[in-house]
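start_0.pdb follows; it contains PDB, C-alpha atoms.
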ATOM      1  CA  MET A 231      61.752 -44.926  36.067
ATOM      2  CA  LYS A 232      61.317 -43.127  39.399
ATOM      3  CA  ALA A 233      64.813 -44.198  40.486
ATOM      4  CA  GLY A 234      66.246 -42.803  37.235
ATOM      5  CA  ARG A 235      64.724 -39.366  37.911
ATOM      6  CA  THR A 236      66.032 -39.405  41.471
ATOM      7  CA  VAL A 237      69.558 -40.192  40.268
ATOM      8  CA  LYS A 238      69.387 -37.427  37.622
ATOM      9  CA  SER A 239      68.126 -34.946  40.228
ATOM     10  CA  LEU A 240      70.885 -35.975  42.641
ATOM     11  CA  LEU A 241      73.552 -35.628  39.937
ATOM     12  CA  ALA A 242      72.201 -32.201  38.957
ATOM     13  CA  ALA A 243      72.302 -31.063  42.622
ATOM     14  CA  VAL A 244      75.897 -32.310  43.032
ATOM     15  CA  ALA A 245      76.954 -30.525  39.819
ATOM     16  CA  LEU A 246      75.331 -27.287  41.010
ATOM     17  CA  CYS A 247      77.094 -27.495  44.384
ATOM     18  CA  LEU A 248      80.456 -28.147  42.715
ATOM     19  CA  ALA A 249      79.966 -25.221  40.345
ATOM     20  CA  ALA A 250      79.069 -22.909  43.228
ATOM     21  CA  ALA A 251      82.115 -24.036  45.218
ATOM     22  CA  GLY A 252      84.395 -23.521  42.227
ATOM     23  CA  SER A 253      83.170 -19.998  41.585
ATOM     24  CA  ARG A 254      83.830 -18.688  45.102
ATOM     25  CA  ALA A 255      83.512 -14.927  45.123
ATOM     26  CA  ALA A 256      86.690 -13.105  46.089
ATOM     27  CA  GLU A 257      86.622 -11.117  49.300
ATOM     28  CA  PRO A 258      86.026  -7.382  48.874
ATOM     29  CA  PHE A 259      89.194  -5.307  48.680
ATOM     30  CA  SER A 260      90.444  -4.127  52.057
ATOM     31  CA  LEU A 261      93.636  -2.805  53.594
ATOM     32  CA  GLY A 262      94.457  -3.134  57.267
ATOM     33  CA  GLY A 263      91.017  -4.640  57.805
ATOM     34  CA  TYR A 264      89.306  -1.518  56.473
ATOM     35  CA  THR A 265      86.840  -1.806  53.625
ATOM     36  CA  LEU A 266      85.485   1.093  51.613
ATOM     37  CA  GLY A 267      82.295   2.636  52.938
ATOM     38  CA  LEU A 268      83.356   2.491  56.607
ATOM     39  CA  PRO A 269      81.807   5.406  58.559
ATOM     40  CA  TYR A 270      84.161   8.228  59.591
ATOM     41  CA  ASP A 271      82.841   8.144  63.173
ATOM     42  CA  SER A 272      84.252   4.643  63.678
ATOM     43  CA  ILE A 273      87.812   6.015  63.332
ATOM     44  CA  LEU A 274      87.466   9.601  64.562
ATOM     45  CA  LYS A 275      87.825   8.811  68.277
ATOM     46  CA  ASP A 276      90.273   5.901  67.879
ATOM     47  CA  PRO A 277      93.545   6.955  69.604
ATOM     48  CA  ALA A 278      95.563   4.864  67.125
ATOM     49  CA  TYR A 279      94.724   7.404  64.396
ATOM     50  CA  ASP A 280      95.674  11.048  63.930
ATOM     51  CA  CYS A 281      92.691  12.688  62.270
ATOM     52  CA  GLU A 282      93.567  16.218  63.382
ATOM     53  CA  SER A 283      96.782  17.058  61.506
ATOM     54  CA  LEU A 284      95.432  15.778  58.179
ATOM     55  CA  ALA A 285      91.976  17.297  58.608
ATOM     56  CA  GLY A 286      90.482  18.870  55.532
ATOM     57  CA  CYS A 287      87.065  20.356  55.083
ATOM     58  CA  PHE A 288      83.852  18.581  56.031
ATOM     59  CA  LEU A 289      83.752  16.958  52.572
ATOM     60  CA  PHE A 290      87.260  15.466  52.753
ATOM     61  CA  SER A 291      89.182  14.100  55.740
ATOM     62  CA  ALA A 292      92.197  11.874  56.231
ATOM     63  CA  CYS A 293      93.417   9.899  59.237
ATOM     64  CA  ALA A 294      96.965   8.545  59.615
ATOM     65  CA  TYR A 295      97.692   5.383  61.576
ATOM     66  CA  LYS A 296     100.231   6.217  64.305
ATOM     67  CA  ALA A 297     101.855   2.795  64.806
ATOM     68  CA  THR A 298     104.207   1.340  62.208
ATOM     69  CA  GLY A 299     104.453  -2.348  61.366
ATOM     70  CA  ALA A 300     101.334  -3.193  63.373
ATOM     71  CA  ILE A 301      99.287  -3.718  60.197
ATOM     72  CA  ALA A 302     100.214  -6.083  57.376
ATOM     73  CA  PHE A 303      98.903  -6.396  53.829
ATOM     74  CA  MET A 304      99.217  -9.823  52.219
ATOM     75  CA  GLY A 305     102.129 -10.520  54.575
ATOM     76  CA  ALA A 306     103.988  -7.229  54.047
ATOM     77  CA  PRO A 307     104.340  -4.998  57.129
ATOM     78  CA  ILE A 308     102.736  -1.628  56.369
ATOM     79  CA  ASP A 309     104.775   1.248  57.752
ATOM     80  CA  ASP A 310     102.405   4.057  56.875
ATOM     81  CA  LEU A 311      98.656   3.811  56.502
ATOM     82  CA  THR A 312      96.238   6.617  55.718
ATOM     83  CA  LEU A 313      92.458   6.442  55.551
ATOM     84  CA  TYR A 314      90.701   8.936  53.241
ATOM     85  CA  PHE A 315      87.090   9.923  53.775
ATOM     86  CA  THR A 316      84.751  11.835  51.495
ATOM     87  CA  GLY A 317      81.788  13.032  53.465
ATOM     88  CA  GLU A 318      81.182  10.459  56.161
ATOM     89  CA  ARG A 319      82.444   7.329  54.331
ATOM     90  CA  LEU A 320      85.837   5.743  53.682
ATOM     91  CA  SER A 321      86.701   6.312  50.010
ATOM     92  CA  GLY A 322      90.345   5.274  49.951
ATOM     93  CA  VAL A 323      93.066   3.557  51.973
ATOM     94  CA  ALA A 324      96.752   3.921  51.138
ATOM     95  CA  GLY A 325      99.713   2.130  52.648
ATOM     96  CA  GLY A 326     103.429   1.871  52.033
ATOM     97  CA  PHE A 327     105.899  -0.958  52.494
ATOM     98  CA  ARG A 328     109.451  -1.976  51.601
ATOM     99  CA  ASP A 329     110.053  -2.751  47.928
ATOM    100  CA  SER A 330     111.426  -6.197  48.837
ATOM    101  CA  TRP A 331     107.852  -7.345  49.572
ATOM    102  CA  PHE A 332     106.381  -6.317  46.197
ATOM    103  CA  ASP A 333     106.719  -9.641  44.326
ATOM    104  CA  GLU A 334     105.308 -11.667  47.217
ATOM    105  CA  VAL A 335     102.341  -9.297  47.634
ATOM    106  CA  ALA A 336     101.665  -9.340  43.860
ATOM    107  CA  GLU A 337     101.715 -13.151  43.884
ATOM    108  CA  VAL A 338      99.251 -13.388  46.786
ATOM    109  CA  LEU A 339      96.939 -10.845  45.120
ATOM    110  CA  ALA A 340      97.058 -12.812  41.844
ATOM    111  CA  LYS A 341      96.038 -15.977  43.711
ATOM    112  CA  GLU A 342      93.193 -14.165  45.483
ATOM    113  CA  TYR A 343      91.851 -11.942  42.690
ATOM    114  CA  GLY A 344      93.383 -13.274  39.464
ATOM    115  CA  PRO A 345      96.103 -11.593  37.419
ATOM    116  CA  GLY A 346      96.376  -7.840  37.805
ATOM    117  CA  THR A 347      96.345  -5.506  34.824
ATOM    118  CA  VAL A 348      99.582  -3.662  34.107
ATOM    119  CA  GLU A 349      98.734   0.046  34.134
ATOM    120  CA  ALA A 350      99.783   1.448  30.777
ATOM    121  CA  GLY A 351     102.462   4.120  30.820
ATOM    122  CA  LYS A 352     103.304   3.574  34.483
ATOM    123  CA  ALA A 353     105.668   0.613  34.334
ATOM    124  CA  ASP A 354     109.211   1.800  33.639
ATOM    125  CA  ALA A 355     110.753   0.250  30.520
ATOM    126  CA  GLY A 356     114.344   1.084  31.560
ATOM    127  CA  ALA A 357     116.783  -1.831  31.674
ATOM    128  CA  THR A 358     117.769  -1.211  35.288
ATOM    129  CA  SER A 359     114.377  -0.183  36.611
ATOM    130  CA  THR A 360     111.843  -2.483  38.181
ATOM    131  CA  ASN A 361     108.999   0.025  38.515
ATOM    132  CA  ALA A 362     105.604  -1.591  38.101
ATOM    133  CA  VAL A 363     101.930  -0.787  38.585
ATOM    134  CA  LEU A 364      99.346  -3.561  38.810
ATOM    135  CA  VAL A 365      95.616  -2.928  39.117
ATOM    136  CA  TRP A 366      92.697  -5.138  40.162
ATOM    137  CA  ARG A 367      89.054  -4.107  39.828
ATOM    138  CA  GLN A 368      85.847  -5.109  41.626
ATOM    139  CA  GLY A 369      82.901  -3.146  40.275
ATOM    140  CA  SER A 370      83.489   0.499  41.235
ATOM    141  CA  LYS A 371      86.425  -0.389  43.501
ATOM    142  CA  LEU A 372      90.066  -0.555  42.561
ATOM    143  CA  LEU A 373      93.188  -2.018  44.171
ATOM    144  CA  ARG A 374      96.466  -0.530  42.905
ATOM    145  CA  LEU A 375      99.896  -1.960  43.720
ATOM    146  CA  GLU A 376     102.967   0.069  42.754
ATOM    147  CA  ARG A 377     106.710  -0.521  43.005
ATOM    148  CA  MET A 378     108.989   2.533  42.860
ATOM    149  CA  SER A 379     112.549   1.285  42.366
ATOM    150  CA  LYS A 380     114.210   4.693  42.857
ATOM    151  CA  THR A 381     112.860   5.016  46.386
ATOM    152  CA  GLY A 382     112.946   1.339  47.333
ATOM    153  CA  ARG A 383     109.279   1.623  48.320
ATOM    154  CA  SER A 384     106.048   0.046  47.252
ATOM    155  CA  SER A 385     102.518   1.231  47.842
ATOM    156  CA  VAL A 386      99.043  -0.189  47.824
ATOM    157  CA  ILE A 387      95.844   1.792  47.404
ATOM    158  CA  VAL A 388      92.283   0.564  47.761
ATOM    159  CA  ALA A 389      89.812   3.175  46.537
ATOM    160  CA  GLU A 390      86.634   3.955  44.713
ATOM    161  CA  ARG A 391      87.440   4.416  41.000
ATOM    162  CA  ASN A 392      86.219   8.001  41.019
ATOM    163  CA  PHE A 393      88.529   8.790  43.977
ATOM    164  CA  ILE A 394      91.782   7.117  42.846
ATOM    165  CA  SER A 395      92.982  10.172  40.929
ATOM    166  CA  GLU A 396      93.087  12.071  44.242
ATOM    167  CA  LEU A 397      95.632   9.573  45.603
ATOM    168  CA  VAL A 398      97.856   8.938  42.578
ATOM    169  CA  GLU A 399     100.318  11.459  41.203
TER     170      GLU A 399
END
Take the structure I supplied and represent it as structure tokens, if you would.
Amino acid sequence: MKAGRTVKSLLAAVALCLAAAGSRAAEPFSLGGYTLGLPYDSILKDPAYDCESLAGCFLFSACAYKATGAIAFMGAPIDDLTLYFTGERLSGVAGGFRDSWFDEVAEVLAKEYGPGTVEAGKADAGATSTNAVLVWRQGSKLLRLERMSKTGRSSVIVAERNFISELVE
């Protein structure tokens, strides 16, 4: 009888461990190693960033990364990266990359975070166009991936939901 309880307890513990391993939480959204909420002071004096020419008021600031290709997102070399701060905290990160990387980036994101949602009204229905907008959500945070076929560019934005409208046309 005692051995039966021990076996049941052991089986229950193994099942719990397997369930926990299977439901691994996805990493928080980040771009270039920057996650939302980062303090402005941690970037302000970094010589790799230009925080002067994009300076706004004390409530809104932006810093542009000076080097190109030094940062990658899901394998795609980012050739422009901008950090957006509201108050003293990072509220959004935007980066651009060549359109040829879009499908690979979308595939890696789908593996990491599940399938993205197609943003209604943004994907181009034209026969020759391959415009697309995919969105992933984590609580109040949003990751937006966009392909713009006319320009041959793609972009990725990681932002707080209430801030995304400031970064999207």
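Between CA of Ile273 in chain A and CA of Thr316 in chain A the interatomic distance comes to 13.5 Å.
CA of Ala302 in chain A is found 12.7 Å from CA of Glu334 in chain A.
Against the coordinates shown, the PyMOL selection byres ((chain A and resi 396-398) around 10) returns Tyr314, Gly322, Val323, Ala324, Arg374, Ile387, Val388, Ala389, Asn392, Phe393, Ile394, Ser395 and Glu399 of chain A.
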Can you list, as a ChimeraX atom specification, the residues that the PyMOL selection byres ((chain A and resi 381) around 12) selects here?
/A:326-330,359-361,376-380,382-385
Dump of C-alpha atoms for the selected residues, as a CSV table (one decimal), keeping the file's coordinate frame:
chain,number,residue,atom,x,y,z
A,326,GLY,CA,103.4,1.9,52.0
A,327,PHE,CA,105.9,-1.0,52.5
A,328,ARG,CA,109.5,-2.0,51.6
A,329,ASP,CA,110.1,-2.8,47.9
A,330,SER,CA,111.4,-6.2,48.8
A,359,SER,CA,114.4,-0.2,36.6
A,360,THR,CA,111.8,-2.5,38.2
A,361,ASN,CA,109.0,0.0,38.5
A,376,GLU,CA,103.0,0.1,42.8
A,377,ARG,CA,106.7,-0.5,43.0
A,378,MET,CA,109.0,2.5,42.9
A,379,SER,CA,112.5,1.3,42.4
A,380,LYS,CA,114.2,4.7,42.9
A,382,GLY,CA,112.9,1.3,47.3
A,383,ARG,CA,109.3,1.6,48.3
A,384,SER,CA,106.0,0.0,47.3
A,385,SER,CA,102.5,1.2,47.8
Determine the nearest neighbour of Leu289 in chain A from the options A:Glu257, A:Glu318, A:Glu342, A:Glu390, counting only C-alpha atoms.
A:Glu318
